[in-house]
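S.K.: Enclosed is the structure file coords-v1.cif (mmCIF, C-alpha atoms and all ligand atoms).
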data_input
#
loop_
_atom_site.label_atom_id
_atom_site.label_comp_id
_atom_site.auth_asym_id
_atom_site.auth_seq_id
_atom_site.Cartn_x
_atom_site.Cartn_y
_atom_site.Cartn_z
CA MET A 35 0.00 0.00 0.00
CA ARG A 36 1.25 3.46 -0.88
CA ASN A 37 0.19 6.93 0.18
CA LYS A 38 -0.58 9.91 -2.07
CA LYS A 39 3.12 10.63 -2.51
CA GLY A 40 3.67 7.08 -3.70
CA GLN A 41 5.56 6.09 -0.56
CA PHE A 42 5.00 2.74 1.08
CA ILE A 43 2.83 2.84 4.15
CA LYS A 44 4.34 0.85 6.98
CA GLY A 45 2.42 -2.03 8.45
CA ASN A 46 0.02 -2.29 5.57
CA ILE A 47 -0.20 -5.65 3.92
CA THR A 48 -0.13 -5.83 0.15
CA TRP A 49 -3.64 -5.21 -1.08
CA CYS A 50 -4.15 -8.70 -2.42
CA LYS A 51 -2.46 -10.68 0.35
CA GLY A 52 -4.72 -13.27 1.88
CA LYS A 53 -7.77 -11.87 0.13
CA LYS A 54 -9.65 -13.75 -2.46
CA VAL A 55 -10.39 -10.83 -4.69
CA PHE A 56 -10.70 -11.36 -8.39
CA VAL A 57 -10.96 -15.09 -7.92
CA GLY A 58 -12.78 -17.24 -10.42
CA GLU A 59 -15.67 -15.58 -12.13
CA ASN A 60 -15.15 -12.34 -10.19
CA ASN A 61 -11.98 -11.86 -12.12
CA PRO A 62 -12.49 -10.13 -15.44
CA PHE A 63 -9.64 -12.28 -16.67
CA TYR A 64 -11.54 -15.48 -15.82
CA GLY A 65 -11.29 -18.15 -18.47
CA LYS A 66 -8.54 -16.35 -20.35
CA LYS A 67 -4.87 -17.16 -20.41
CA HIS A 68 -1.80 -14.98 -20.56
CA SER A 69 0.14 -15.45 -23.76
CA GLU A 70 3.90 -15.84 -23.54
CA GLU A 71 4.25 -12.34 -24.88
CA THR A 72 1.98 -10.85 -22.22
CA LYS A 73 3.86 -12.72 -19.52
CA LYS A 74 7.09 -11.26 -20.80
CA LYS A 75 5.56 -7.78 -20.75
CA ILE A 76 4.46 -8.25 -17.16
CA ARG A 77 7.95 -9.33 -16.18
CA GLU A 78 9.47 -6.30 -17.90
CA LYS A 79 7.02 -4.03 -16.12
CA ARG A 80 7.95 -5.51 -12.77
CA LYS A 81 11.62 -4.83 -13.46
CA LEU A 82 10.76 -1.23 -14.21
CA GLN A 83 9.09 -0.86 -10.84
CA LYS A 84 12.43 -1.15 -9.04
CA PRO A 85 13.73 2.42 -9.51
CA THR A 86 10.60 3.78 -7.82
CA PHE A 87 11.55 1.84 -4.74
CA PHE A 88 15.13 3.05 -4.82
CA GLY A 89 13.87 6.58 -5.18
CA HIS A 90 11.84 6.04 -2.08
CA LYS A 91 14.93 4.97 -0.13
CA HIS A 92 16.77 8.02 -1.33
CA SER A 93 14.05 10.36 -0.16
CA GLU A 94 14.24 8.69 3.24
CA LYS A 95 17.95 9.50 3.28
CA SER A 96 17.17 13.10 2.47
CA LYS A 97 14.75 13.18 5.36
CA ILE A 98 17.54 12.26 7.76
CA LYS A 99 19.74 14.95 6.31
CA ILE A 100 16.99 17.50 6.86
CA SER A 101 16.44 16.40 10.42
CA ILE A 102 20.18 16.47 11.12
CA SER A 103 20.65 19.95 9.75
CA ARG A 104 17.69 21.20 11.78
CA LYS A 105 19.18 19.71 14.89
CA ASN A 106 22.57 21.23 14.20
CA LYS A 107 21.03 24.68 14.05
CA TYR A 108 19.61 24.10 17.47
CA VAL A 109 22.88 22.73 18.82
CA GLY A 110 24.90 25.59 17.38
CA LYS A 111 22.62 28.21 18.87
CA ASN A 112 22.52 26.89 22.34
CA ASN A 113 25.44 24.87 23.50
CA LYS A 114 24.31 24.79 27.13
CA LYS A 115 21.13 23.10 26.13
CA TRP A 116 23.12 20.54 24.21
CA LYS A 117 24.91 19.61 27.45
CA GLY A 118 21.54 19.41 29.11
CA GLU A 119 20.45 16.91 26.54
CA LYS A 120 23.46 14.79 27.34
CA ALA A 121 22.55 14.84 31.02
CA GLY A 122 19.02 13.92 30.07
CA TYR A 123 20.35 10.88 28.32
CA HIS A 124 21.35 9.31 31.59
CA ALA A 125 18.06 10.14 33.24
CA LYS A 126 16.13 8.53 30.42
CA HIS A 127 18.56 5.68 30.07
CA GLY A 128 16.48 3.47 32.31
CA TRP A 129 13.22 3.53 30.44
CA VAL A 130 14.93 3.25 27.09
CA ASN A 131 16.59 0.03 28.17
CA ARG A 132 13.34 -1.31 29.52
CA TRP A 133 11.45 -0.27 26.45
CA LEU A 134 13.92 -1.08 23.65
CA GLY A 135 15.92 -3.82 25.33
CA ARG A 136 19.67 -4.21 25.28
CA PRO A 137 20.90 -5.47 21.94
CA GLU A 138 24.62 -6.24 22.01
CA LYS A 139 25.44 -5.19 18.46
CA CYS A 140 26.50 -1.71 17.35
CA MET A 141 24.31 -0.53 14.49
CA ALA A 142 27.11 1.52 12.93
CA CYS A 143 30.26 -0.64 13.07
CA GLU A 144 28.36 -3.93 13.59
CA LYS A 145 30.60 -4.97 16.48
CA ASP A 146 28.79 -7.65 18.43
CA GLY A 147 28.80 -9.07 21.94
CA LEU A 148 28.93 -5.65 23.62
CA ILE A 149 27.44 -5.33 27.09
CA LYS A 150 26.97 -2.82 29.90
CA GLN A 151 29.12 0.31 29.45
CA LYS A 152 30.37 -0.78 26.05
CA ILE A 153 27.07 -0.17 24.29
CA HIS A 154 24.57 2.68 24.58
CA TRP A 155 21.28 3.94 23.27
CA ALA A 156 21.98 7.16 21.41
CA ASN A 157 19.15 9.58 20.79
CA ILE A 158 18.90 11.20 17.38
CA SER A 159 16.49 14.10 17.75
CA GLY A 160 17.35 15.11 21.30
CA GLU A 161 13.66 14.81 22.11
CA TYR A 162 13.80 11.24 23.38
CA LYS A 163 10.78 10.28 21.38
CA ARG A 164 9.05 7.02 22.01
CA GLU A 165 9.81 5.97 18.48
CA ILE A 166 12.34 3.33 17.64
CA THR A 167 13.48 5.49 14.72
CA ASP A 168 14.68 8.15 17.18
CA TRP A 169 17.26 5.83 18.70
CA LEU A 170 20.49 4.14 17.69
CA ARG A 171 22.23 1.30 19.42
CA LEU A 172 25.89 2.29 19.35
CA CYS A 173 29.12 1.05 20.85
CA ALA A 174 30.95 3.52 23.12
CA LYS A 175 33.34 4.48 20.32
CA CYS A 176 30.61 5.17 17.72
CA HIS A 177 28.52 6.99 20.32
CA ALA A 178 31.41 9.32 21.13
CA LEU A 179 31.80 10.06 17.44
CA PHE A 180 28.05 10.55 17.11
CA ASP A 181 28.14 13.20 19.83
CA ARG A 182 31.28 14.92 18.55
CA ASN A 183 29.89 17.02 15.72
CA PHE A 184 27.30 17.02 13.00
CA ILE A 185 29.62 15.60 10.34
CA GLU A 186 30.38 12.54 12.46
CA ARG A 187 26.72 12.41 13.39
CA GLU A 188 25.64 12.19 9.80
CA ARG A 189 28.34 9.67 9.01
CA ILE A 190 27.18 7.35 11.81
CA LEU A 191 23.54 7.72 10.79
CA LEU A 192 24.32 6.86 7.20
CA LYS A 193 26.40 3.89 8.32
CA CYS A 194 23.44 2.55 10.26
CA LEU A 195 21.24 3.10 7.26
CA ILE A 196 23.63 1.40 4.86
CA ASN A 197 24.04 -1.57 7.22
CA LYS A 198 20.24 -1.71 7.21
CA ASN A 199 20.34 -1.81 10.98
CA HIS A 200 18.03 1.15 11.23
CA GLU A 201 14.96 2.45 9.52
CA PHE A 202 14.20 6.09 9.17
ZN ZN B 301 30.30 0.94 16.82
#
Translate this file's structure into structure tokens.
M.R.:
Amino acid sequence: MRNKKGQFIKGNITWCKGKKVFVGENNPFYGKKHSEETKKKIREKRKLQKPTFFGHKHSEKSKIKISISRKNKYVGKNNKKWKGEKAGYHAKHGWVNRWLGRPEKCMACEKDGLIKQKIHWANISGEYKREITDWLRLCAKCHALFDRNFIERERILLKCLINKNHEF
């Protein structure tokens, strides 16, 4: 299922999945058969659908970039507040762990088997949203980089995206 912009809507099952629409006589195609040529055409059409999907991914990437640049404005303007956010991280640490669990793998460098102080939940927006997409599971090293500056921040985010360990 796609929305008006042609983007996939999460959680929606393909329109035909599990449904018996257009079955038997209800199907206008009932009693007819696809010729080899038609089948080939359908296959070609399916191939052509791919770029639309890639385009979708790309726009998702752009979305991150927009959100990062917005955040950087905020960070640049008010450095004190930025420190406050960091302090807030520890306060909210508890519920994040309870809510999102404690995976042992870093989403950015894919290092595994990390526990306790070696792996953290890093917040992306600084708003500690109750959305999985607002959080990254990062090893201490990647988290330090993530907090260093917006260039590193973007690099880590893109790494997570490329590794397909995070959805935005
Ligand atoms: Zn890492």
S.K.: Kindly work out which residues sit at most 9 Å from ligand ZN 301 (chain B), using only C-alpha atoms and all ligand atoms, and give the list as a ChimeraX atom specification.
M.R.: /A:139-146,153,171-177,190
S.K.: Ranking A:Asn183, A:Gln41, A:Trp133, A:Gly147 by minimum distance to Lys163 in chain A and counting all atoms listed in the file, which one comes first?
M.R.: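 Of A:Asn183, A:Gln41, A:Trp133, A:Gly147, the one nearest Lys163 in chain A is A:Trp133, counting all atoms listed in the file.
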S.K.: Work out how far apart CA of Leu195 in chain A and CA of Asn157 in chain A are and give it in Å to one decimal.
M.R.: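 Those two atoms sit 15.1 Å apart.
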S.K.: Separation of CA of Ala156 in chain A and CA of Arg132 in chain A, in Å?
M.R.: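 Separation of CA of Ala156 in chain A and CA of Arg132 in chain A: 14.6 Å.
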S.K.: For CA of Trp129 in chain A and CA of Leu179 in chain A, quote the distance in Å rounded to one decimal.
M.R.: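 Result for CA of Trp129 in chain A versus CA of Leu179 in chain A: 23.6 Å, one decimal.
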S.K.: Looking at A:Arg136, A:Arg187, A:Arg182, A:Lys39, which one is nearest to Ile158 in chain A, with distances taken over all atoms listed in the file?
M.R.: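 Once distances to Ile158 in chain A are computed over all atoms listed in the file, the minimum belongs to A:Arg187.
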